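Working notes, beginning with the structure itself.
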Amino acid sequence: MSNMKKHHIILLTTWYPPRHSIAVNRMLAFAKYIDKTKFDVDVVSLQSDEKMEKDIAIDGVSVHRLPNKALLKRAKFDRQVCFVFHKLKALYNVLLAFFVKREYRNWQHRAEKQVRSLLEKYGPDTTIISSYEPIEPHLVAIALKKQGCSFFWVADCRDEITQNPSVTKGLRKLYAKAERQMLLYADAVTTVSQPILEGFKRNVPANALHCPLFAEVRNGYDFDYVDTEYKNDVFTIMYAGTFYSNIKPYTFFKALQCFLSKNPNARLKVNLIGVGHSVVVPHDLTCVVFSGAKIPHEDALIEMQNSDCLLLILPKQNRKGVYSGKLFEYLGCRKPILAVVDPDDVAADLIRECNAGVVADFDDVQSIASAIEKLYNMWQKDEKLPMNEDIIKKHHRKEQVEILNKLIFENFYLREGECL
């Protein structure tokens, strides 16, 4: 192994630190856990602030940040912004998405030049991993393939493309063309869940000269488990993150009211961390439901580990395959999960597979109330769920990126006849 020539990976994404998001966490895990004994890694990303260094080495990874000189850009949200200003910014972003179809077009042209330069430097022994969304990283890879550049292309998709219900009508035609070309030119397609992966498989054009490799690389947690054996004096349920779109806790609130009416002396509280202005707590629950502002991620993890139960809320949708990034961090904390979800989707399946909590139908108030009661009674009796440690450990980011390592290694190295 020590005599093996190291190859190069170019990770192409607009989401990378110091930006913050679920998308950043996935890309950071890729860069962090790609096998450095086999690959050198370059990240071509976005310079979201002119004060940021353009080229920098971070933890053995070369990062190239490129500006996006677009005239109109999405508004950023500050933690301390007032409610009205927050809503105005959100409205501006909605209008911008309607009128400006390609926010990162300028960045795309710069990224194409940067990646072409790296390909000329490294030669064909290079893998490009492009990350959607936005679509521009995939468009860079497509353009380079059309120009005859030689590289192994992994198209990573955190969501569906044409099948995503959140894609606007104005973008759907563009995205349909991009997805078709991705499936024609990509050597491999990775995504976050099996249902989404199956959707991409069904969309492979009939006239495709080859079928790309397909692999499920889930999101995960990226911290070591600390067994605190912590139990609060009051049964403490925690939710981490905001509520947006149709992800709202109102059926949970109704179920909580039912539980408390049946158990008026129950010692219980609910901490909603980071929800901001995204939800209104019913007046009769304000004595047990506490809504807090966003806190640093490290602090949120401590709060999760110091809670007795972790709340997951995912409504039924006209799509399957949505886990939610917080589910994996909940699993990593090994605290019982109260899952108010679609009982027939992947999140419910994984929780049942791990024996990590209780699943209740998002639309069934009585089912949710029963789940609250079951978990509360377990807490009272000091009962522990016998969670499936082997499956939970597979959802550490390192284990998930190992799937990506093997895909690239087996289908890039071995095609050259190199020895393992």
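All residue names refer to the structure tokens as shown: chains lettered A, B, ... in order, residues numbered from 1 in each chain, ligands numbered from 1 in order.
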Please provide the set of residues having any atom within 9 Å of Ser307 (chain A), restricted to only C-alpha atoms, with same-chain residues fewer than 4 positions apart removed, written as a VMD selection string.
chain A and resid 230 to 232 235 to 238 302 to 303 335
When you look at Pro18 (chain A) with a cut-off of 12 Å (counting only C-alpha atoms), what residues show up, excluding the ones that are within fewer than 3 positions of it in the same chain? I need them as a count of residues only.
18
Skip region 327-331 of chain A itself and residues of its chain fewer than 4 positions away, then list as a PyMOL selection string all residues within 9 Å of it, counting only C-alpha atoms.
chain A and resi 219-223+301+304-305+310-312+323+335-337+347+351+354+356+392-393+395-396
Could those selected residues go to a file with C-alpha atoms, as a compact mmCIF listing (two decimals), in the first residue's frame?
# COMPACT_ATOMS: atom_id res chain seq x y z
CA ASN A 219 -25.61 11.72 6.37
CA GLY A 220 -24.51 10.95 9.92
CA TYR A 221 -23.23 12.16 13.25
CA ASP A 222 -19.64 13.28 13.71
CA PHE A 223 -18.83 13.05 17.38
CA LEU A 301 -25.01 18.50 21.28
CA MET A 304 -29.14 16.69 23.49
CA GLN A 305 -26.94 14.43 25.59
CA LEU A 310 -35.21 13.78 21.70
CA LEU A 311 -38.10 14.98 19.55
CA LEU A 312 -38.12 14.42 15.78
CA TYR A 323 -34.24 11.26 7.09
CA LYS A 335 -31.18 9.04 23.87
CA PRO A 336 -34.72 7.73 23.23
CA ILE A 337 -36.29 9.40 20.20
CA ALA A 347 -36.73 7.83 9.25
CA ILE A 351 -35.51 4.25 14.29
CA CYS A 354 -32.03 0.69 15.72
CA ALA A 356 -33.84 3.88 19.22
CA ILE A 392 -25.98 3.18 15.09
CA LYS A 393 -22.18 3.05 14.72
CA HIS A 395 -24.11 6.08 10.88
CA HIS A 396 -21.00 7.87 12.07
Could you pull out the strand (DSSP E) residues of region 160-343 of chain A from DSSP and send them as a ChimeraX atom specification?
/A:188-191,213-216,235-240,268-273,289-292,309-313,337-341
Spatial neighbours of Ala215 (chain A), max dist 12 Å, only C-alpha atoms, sep filter under 2 positions, as a PyMOL selection string:
chain A and resi 154-157+187-198+200-201+212-213+217-218+400-408
Atoms to include: C-alpha atoms. Write the selected residues as a compact mmCIF listing (two decimals), in the first residue's frame.
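Written output follows (out-v5.txt):
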# COMPACT_ATOMS: atom_id res chain seq x y z
CA VAL A 154 -19.06 11.25 -8.73
CA ALA A 155 -22.26 13.33 -8.75
CA ASP A 156 -23.42 13.66 -5.14
CA CYS A 157 -27.03 14.72 -4.60
CA ASP A 187 -19.41 7.67 -13.59
CA ALA A 188 -21.19 7.37 -10.24
CA VAL A 189 -24.19 8.94 -8.51
CA THR A 190 -24.43 9.07 -4.72
CA THR A 191 -27.28 10.32 -2.59
CA VAL A 192 -28.63 10.28 0.95
CA SER A 193 -31.34 7.59 0.90
CA GLN A 194 -32.42 4.54 -1.05
CA PRO A 195 -35.77 5.94 -2.32
CA ILE A 196 -34.02 8.97 -3.81
CA LEU A 197 -31.37 6.70 -5.31
CA GLU A 198 -34.06 4.54 -6.92
CA PHE A 200 -32.30 8.53 -10.14
CA LYS A 201 -31.98 4.96 -11.41
CA PRO A 212 -23.47 5.13 -13.73
CA LEU A 213 -22.66 3.34 -10.51
CA VAL A 217 -24.09 7.57 1.28
CA ARG A 218 -26.22 8.73 4.18
CA GLN A 400 -20.62 6.57 5.68
CA VAL A 401 -17.72 8.26 3.86
CA GLU A 402 -15.98 4.87 3.82
CA ILE A 403 -18.68 3.84 1.32
CA LEU A 404 -17.50 6.69 -0.89
CA ASN A 405 -13.85 5.70 -0.39
CA LYS A 406 -14.56 2.15 -1.51
CA LEU A 407 -16.60 3.27 -4.50
CA ILE A 408 -13.81 5.47 -5.81
Find the residues near Glu353 (chain A): any atom within 10 Å, counting only C-alpha atoms, skip ones fewer than 3 places away on the same chain, and give them as a PyMOL selection string.
chain A and resi 347-350+356-357+387-388+391-392
Keeping only C-alpha atoms, write the selected residues as a tab-separated table (two decimals), in the first residue's frame.
chain	number	residue	atom	x	y	z
A	347	ALA	CA	-36.73	7.83	9.25
A	348	ALA	CA	-39.30	5.61	10.97
A	349	ASP	CA	-37.70	2.50	9.47
A	350	LEU	CA	-34.25	3.43	10.78
A	356	ALA	CA	-33.84	3.88	19.22
A	357	GLY	CA	-37.24	5.26	20.13
A	387	MET	CA	-30.53	0.06	21.10
A	388	ASN	CA	-28.76	-1.67	18.21
A	391	ILE	CA	-26.36	-0.12	13.23
A	392	ILE	CA	-25.98	3.18	15.09
